[in-house]
Amino acid sequence: MPAVHGGERRWEAEAAPGMAAARPLALLVLLVLGPGGWGFADPPRDSLREELVITPLPSGDVAATFQFRTRWDSELQREGVSHYRLFPKALGQLISKYSLRELHLSFTQGFWRTRYWGPPFLQAPSDTDHYFLRYAVLPREVVCTENLTPWKKLLPCSSKAGLSVLLKADRLFHTSYHSQAVHIRPVCRNAHCTSISWELRQTLSVVFDAFITGQGKKDWSLFRMFSRTLTEPCPLASESRVYVDITSYNQDNETLEVNPLPTTTYQDVILGTRKTYAVYDLHDTAIINNSRNLNLQLKWKKPPENEAPPVPFLHAQRYVSGYGLQKGELSTLLYNTHPYRAFPVLLLDTVPWYLRLYVHTLTITSKGKENKPSYIHYQPAQDRLQPHLLEMLIQLPANSVTKVSIQFERALLKWTEYTPDPNHGFYVSPSVLSALVPSMVAAKPVDWEESPLFNSLFPVSDGSNYFVRLYTEPLLVNLPTPDFSMPYNVICLTCTVVAVCYGSFYNLLTRTFRIEEPSTGGLAKRLANLIRRARGVPPL
Amino acid sequence: MGLLSDPVRRRALARLVLRLNAPLCVLSYVAGITWFLALAFPPLTQRTYMSENAMGSTMVEEQFVGGDRARGFARDFAAHRRKSGALPVAWLERTMQSVGLEVYTQSFSRQLPFPDETHERYMVSGTNVYGILRAPRAASTESLVLTVPCSSDSTNNQAVGLLLALAAHFRGQIYWAKDIIFLVTEHDLLGTEAWLEAYHDVNVTGIQSSPLQGRAGAIQAAVALELSSDVVTSLDVAVEGLNGQLPNLDLLNLFQTFCQKGGLLCTLQGKLQSQDWTSLDGPLQGLQTLLLMVLRQASGRPHGPHGLFLRYRVEALTLRGINSFRQYKYDLVAVGKTLEGMFRKLNHLLERLHQSFFLYLLPALSRFVSIGLYMPAAGFLLLVLGLKALELWMQLHEAGVGLEETGGGSGPSALHPPAQGVGLTSLVAPLLISQAMGVALYILPVLGQHVATQHFPVAEAEAVVLTLLAIYAAGLALPHSTHWVVSPQAPDRGWMALKLVALIYLALQLGCIALTNFSLGFLLAATMVPTAAVTKPHGPRPLYAALLVLTSPAATLLGSLFLWRELQEAPLSLAEGWQLFLTALAQGVLEHYTYGALLFPLLALGLYPCWLLFWNVLFWK
């Protein structure tokens, strides 16, 4: 389910000539200064931070999240920049050429199972008004190594050093979830936001399956996960750290053991719960000193019991109900498992036009009662042009299941519009849920330039809530599909039926019949009758 | 085509139809029956072949070795089941979780319309347990189902064991592109129906069930498994589903290929497969299998849990392990490997199974008859009705215009509507009354069961069956009650018009049935058509009456039961046959209410009233 989130794109017509004029000048300046002058004359204008977070999930699986953040203090859109150091040129040119404001692109294989794994770390960006947002999803696309390689090439150290040596394709695709993404956005350079810097975050999340990769054992090591160990930080990175979530779910904090022992720990409120992380700084020479490599190991002191994992406050499920090829119903179940707090959820649905939604059948029920959304925006589909867009703000009562359902009719496509494997079905992209979910623990606002990367993608503005964006499952819907070998038969049969039956019956029904008197006949007959008359025999 | 508009040629055609009617009818009927019997012979049966590219070869290396594990699971399951007396839900949940599945349960309850004496149940409540193996390669858009039905009698333990062992084995593989649902249902088909309805969030049969917590997208295919011993001598496959629906032939081909690959002995309708199709033995055995299939398909009942999946366009079949007295036995590993191979192949599917046939008959596992080849059999039988109707229509014409038409030259006067003489009003009463009898037959038995149990010393189930028979028999009194309604003029024209309507009605019904469920349509046509064609109020009435009763839908059902047991080489005595008949009636009504089987309403509301019309014709006064 690769999701493509296109940020706002706006053309700035006035800027274009100015940029063209400025470009030769900038180039000249850079040539004069040269790379050697950088570090001494100014503070480095670009920096790289790399980070790996390893989180044992409630289900026993292990999630690994890489983040590589390149920050560049450069007005890419204004200045005609042509010298690139850490920031990848391919993306930089994209920004300056199309005056890109923000771009989020992600490729995902598998599905983040929120109910079992908890809310995901890396979500899509904070909410933007959809009027200016371009958003597209391609649910049928598969992700493979050929998507990973160019992504790795964007990294300053490629996969030669630092955390990126762990990115070995055959291990990363041996997982039950794989999501790689590129996020580009402008960030403020100082507190007053007088100038902006560009931030590129490359993220990669994978979930290693305890049953498949660990052969049933739930102990983990870097080597077992990636078949590599860490040997050195990326020399270009200013910060290179590994965080291991050692929060224990039970009260006794002896469940998990990490080896080697961490030098420091980090505590913070992440996604509404208090978490403790063991921190390994690769720049700290003591860490890699002894054996020239770092192979982190996680051991469960006692194996985690098969108890139900803590269910997150918000999770959702989506499915198609009904059977047959004429009608159906899209149902979305929204679960609020918070014992006493209700919270609103923004539900965004894009449904392809060939599912003709019956908007009057839209029903939202919570706890058996109708739930009126406080805001609905609906943009009807146009055949072959644009999909349905349905956006609703729904209040989820505490400890409830809310069912949002809408009926649809399956359209019959033109025969050239069917995809190559039409009987596979057609995909309906996932609905997007955005919510401010109440926290268990109040979080204090942090200086996000200093805090770890996984914490700073969405700075918490309000300590009592945290922002969550969830995607439901994509759906597969079968449309009425003709048998494509049939047209010839159908044409033959129809023509025959029309020609033979319809024609003769039409004749029979519309003609009036009259018995004709036997005519005098042709010349031969007349002749014969003449002879007969001469002979005295009755004529024919 | 001037055939119809040229009065001379039309008259010639009419004369042909009139004069040669009887021989043509006989010829057509004989041709229909012969065609059907010939279906088992090689020019009409073809070898099956795999149409779906994605399942083309069996190049799958089966690695399942969990035979001991399966037996261990089965033993534990049986012990827990014996202890709790019901499905050990908690144990199943725990075990499925321990092999790494996402486990959910679903509780359901259903009050049957009347007590089911065969399965000894009335107020049913149970719990289904299912575990989902999440495929690492996909986002839960598609899934496959392996289901094991558990009824109250403690069989099928080994199937649950094998299901769990397979789940454990499958969980360790990374190649899954479709989620796999492992479903254990309680109260066999009732549980399956409850689960399917909840999965698709519909309520077809009025069952009450809790909503499902976990889903896995669109189900592509399902396999139901029934095993009751550690070793099997053969695997029997059942394909006939609800209302005669069949799975795509490719699914059966898949099973057959893996049977051959694993060297397993596979049977169809419990019959061994003859390899020799060149001599007469193979086709003759094929004919027996074919007849068995026709009887089972005609019954319209789901012959295994797979039958209920078909409504949701999930291709499904049921595999039954048979343990007979044969020498060679296969253990659970062999069965497990077959299932593993099938699931791995289904996992490869890009599209839903659609390439191969949906409408077919099977004389053997490796032979099939396609719809294009078996339809003529039904067509010939229905032609008899058409010919007879044409004859009656023409006779009515002639009677209407007198003898002038035969004198020649008065063709156009035949266009006078003959109905004016027939008096269509005289047909309204018999039609309405016979339809009303049909409605009564459909509604009263279940509705009036409590009244019946209050006034007669019978149980509810008996009351339903006896009311059914009573109403059915009461229909035979119809002519005595309707003859006064009919206008006295032209008595011959009265019955002819009625018979004409009845013939067309019957032909339409049988035609529609044969298109959707060929077996049922053919069976009914083969029995009802000859008597329907000959019935008239003149001649040997007692003989006609006896014939008509013998070919009524109920008698067809009774006869089919005898034929079925005869073909299974377990002949019935008369008393047994009668008992079985009564059970079949009760089951038919129950299956209509619990699964939505359409045979009962079809017979009660369609064919029985139609048959009554012929009875009415016979006793026309």
# chains A, B, ... in the order shown; residues from 1 in each chain; ligands from 1

call {"tool": "interface_residues", "arguments": {"of": "chain A", "to": "chain B", "cutoff": "7 Å", "atoms": "only C-alpha atoms", "output": "list in words"}}
result
Met1, Gln109, Gly110, Phe111, Thr175, Ser176, Tyr177, Phe211, Ile212, Tyr319, Ser321, Gly322, Tyr323, Gly324, Asp421, Asn423, His424, Glu473, Pro474, Leu475, Leu476, Ser504 and Leu508 of chain A

call {"tool": "write_last_selection", "arguments": {"atoms": "N, CA and C atoms", "output": "short mmCIF file (atom, residue, chain, number, x, y, z; two decimals), in the first residue's frame"}}
result
data_model
loop_
_atom_site.label_atom_id
_atom_site.label_comp_id
_atom_site.auth_asym_id
_atom_site.auth_seq_id
_atom_site.Cartn_x
_atom_site.Cartn_y
_atom_site.Cartn_z
N MET A 1 0.84 -1.18 0.00
CA MET A 1 0.00 0.00 0.00
C MET A 1 0.87 1.23 0.00
N GLN A 109 4.66 -1.91 2.32
CA GLN A 109 4.19 -3.27 2.06
C GLN A 109 3.72 -3.84 3.38
N GLY A 110 2.56 -4.49 3.36
CA GLY A 110 2.00 -4.98 4.60
C GLY A 110 1.12 -3.92 5.21
N PHE A 111 0.69 -4.15 6.40
CA PHE A 111 -0.30 -3.27 6.99
C PHE A 111 0.03 -3.11 8.47
N THR A 175 10.09 -9.25 6.24
CA THR A 175 9.40 -8.79 7.43
C THR A 175 7.90 -8.75 7.20
N SER A 176 7.16 -8.54 8.25
CA SER A 176 5.72 -8.49 8.05
C SER A 176 5.22 -7.07 7.80
N TYR A 177 6.11 -6.11 7.90
CA TYR A 177 5.71 -4.74 7.56
C TYR A 177 6.95 -4.01 7.10
N PHE A 211 7.66 -15.08 14.66
CA PHE A 211 7.49 -16.47 14.28
C PHE A 211 8.32 -16.84 13.07
N ILE A 212 8.46 -15.90 12.17
CA ILE A 212 9.16 -16.26 10.94
C ILE A 212 10.65 -16.09 11.11
N TYR A 319 -14.38 -2.70 5.95
CA TYR A 319 -14.69 -3.88 5.14
C TYR A 319 -15.85 -3.57 4.21
N SER A 321 -19.40 -4.98 2.92
CA SER A 321 -20.39 -5.98 3.29
C SER A 321 -21.35 -6.23 2.14
N GLY A 322 -22.10 -7.30 2.28
CA GLY A 322 -23.04 -7.68 1.23
C GLY A 322 -22.42 -8.67 0.28
N TYR A 323 -23.24 -9.21 -0.59
CA TYR A 323 -22.72 -10.12 -1.59
C TYR A 323 -23.44 -9.88 -2.90
N GLY A 324 -22.94 -10.45 -3.94
CA GLY A 324 -23.51 -10.19 -5.25
C GLY A 324 -22.75 -9.06 -5.92
N ASP A 421 -6.08 -7.57 -15.00
CA ASP A 421 -6.64 -8.73 -14.31
C ASP A 421 -7.96 -8.33 -13.67
N ASN A 423 -10.68 -9.70 -12.87
CA ASN A 423 -11.34 -10.53 -11.86
C ASN A 423 -10.62 -10.50 -10.52
N HIS A 424 -9.48 -9.83 -10.49
CA HIS A 424 -8.81 -9.65 -9.21
C HIS A 424 -9.62 -8.71 -8.33
N GLU A 473 -7.46 -0.55 6.35
CA GLU A 473 -7.05 -1.47 5.30
C GLU A 473 -7.56 -0.98 3.95
N PRO A 474 -6.80 -1.18 2.88
CA PRO A 474 -7.38 -0.97 1.56
C PRO A 474 -8.37 -2.10 1.29
N LEU A 475 -9.32 -1.84 0.43
CA LEU A 475 -10.34 -2.86 0.17
C LEU A 475 -10.25 -3.33 -1.27
N LEU A 476 -10.70 -4.54 -1.46
CA LEU A 476 -10.72 -5.11 -2.80
C LEU A 476 -12.19 -5.36 -3.14
N SER A 504 -39.02 -12.30 -38.74
CA SER A 504 -40.22 -12.99 -39.21
C SER A 504 -41.42 -12.68 -38.32
N LEU A 508 -44.94 -10.96 -39.37
CA LEU A 508 -46.20 -11.61 -39.05
C LEU A 508 -47.14 -10.66 -38.33
#

call {"tool": "residues_around", "arguments": {"residues": "Thr472 (chain A)", "least_positions_apart": "3", "cutoff": "8 Å", "atoms": "only C-alpha atoms", "output": "mmCIF file with C-alpha atoms, in the first residue's frame"}}
result
data_model
loop_
_atom_site.group_PDB
_atom_site.id
_atom_site.type_symbol
_atom_site.label_atom_id
_atom_site.label_comp_id
_atom_site.auth_asym_id
_atom_site.auth_seq_id
_atom_site.Cartn_x
_atom_site.Cartn_y
_atom_site.Cartn_z
ATOM 1 C CA ALA A 316 -10.310 1.039 13.129
ATOM 2 C CA GLN A 317 -11.421 -1.633 10.740
ATOM 3 C CA ARG A 318 -12.932 -1.338 7.312
ATOM 4 C CA PRO A 430 -7.788 3.234 2.820
ATOM 5 C CA SER A 431 -9.664 5.845 4.757
ATOM 6 C CA VAL A 432 -7.574 8.203 6.811
ATOM 7 C CA LEU A 433 -8.307 8.840 10.462
#

call {"tool": "select_by_dssp", "arguments": {"residues": "region 356-585 of chain B", "states": "strand (DSSP E)", "output": "NGL selection string"}}
result
:B and (360-364 or 367-370)

call {"tool": "write_last_selection", "arguments": {"atoms": "C-alpha atoms", "output": "tab-separated table (two decimals), in the first residue's frame"}}
result
chain	number	residue	atom	x	y	z
B	360	TYR	CA	-20.74	-28.90	-15.17
B	361	LEU	CA	-21.52	-32.51	-14.33
B	362	LEU	CA	-18.92	-34.96	-13.14
B	363	PRO	CA	-18.93	-38.63	-14.18
B	364	ALA	CA	-15.48	-38.96	-12.60
B	367	ARG	CA	-13.89	-36.18	-16.50
B	368	PHE	CA	-16.55	-33.56	-16.85
B	369	VAL	CA	-19.51	-32.66	-19.03
B	370	SER	CA	-19.84	-29.01	-19.84

call {"tool": "atom_distance", "arguments": {"atom1": "CA of Ser400 (chain A)", "atom2": "CA of Asn371 (chain A)"}}
result
11.7 Å

call {"tool": "residues_around", "arguments": {"residues": "Leu271 (chain A)", "least_positions_apart": "5", "cutoff": "9 Å", "atoms": "only C-alpha atoms", "output": "VMD selection string"}}
result
chain A and resid 119 to 121 437 439 to 440 455 465 to 468

call {"tool": "select_by_dssp", "arguments": {"residues": "region 333-537 of chain B", "states": "alpha helix (DSSP H)", "output": "ChimeraX atom specification"}}
result
/B:333-348,371-401,404-407,419-422,425-447,449-455,460-474,478-482,491-516,518-534

call {"tool": "residues_around", "arguments": {"residues": "Leu508 (chain B)", "least_positions_apart": "6", "cutoff": "12 Å", "atoms": "only C-alpha atoms", "output": "list in words"}}
result
Gly379, Leu382, Leu383, Leu385, Gly386, Val501, Ala502, Ala514, Leu515, Gly521, Ala525, Gly606, Leu607 and Cys610 of chain B

call {"tool": "closest_residue", "arguments": {"among": "B:Arg301, B:Arg493, B:Arg47, B:His397", "to": "Gln587 (chain B)", "atoms": "only C-alpha atoms"}}
result
B:Arg301

call {"tool": "residues_around", "arguments": {"residues": "Thr453 (chain B)", "least_positions_apart": "5", "cutoff": "9 Å", "atoms": "only C-alpha atoms", "output": "list in words"}}
result
Gly448, Val458, Ala459, Glu460, Glu462 and Ala463 of chain B

call {"tool": "residues_around", "arguments": {"residues": "region 335-349 of chain A", "least_positions_apart": "6", "cutoff": "7 Å", "atoms": "only C-alpha atoms", "output": "list of chain:residue names"}}
result
A:Phe313, A:Leu314, A:His315, A:Ala316, A:Leu389, A:Leu390, A:Glu391, A:Met392, A:Leu393, A:Ile394, A:Gln395, A:Leu396, A:Pro397, A:Ala398, A:Asn399, A:Ser400, A:Val401, A:Thr402, A:Ser431, A:Val432, A:Leu433, A:Ser434, A:Ala435, A:Val437
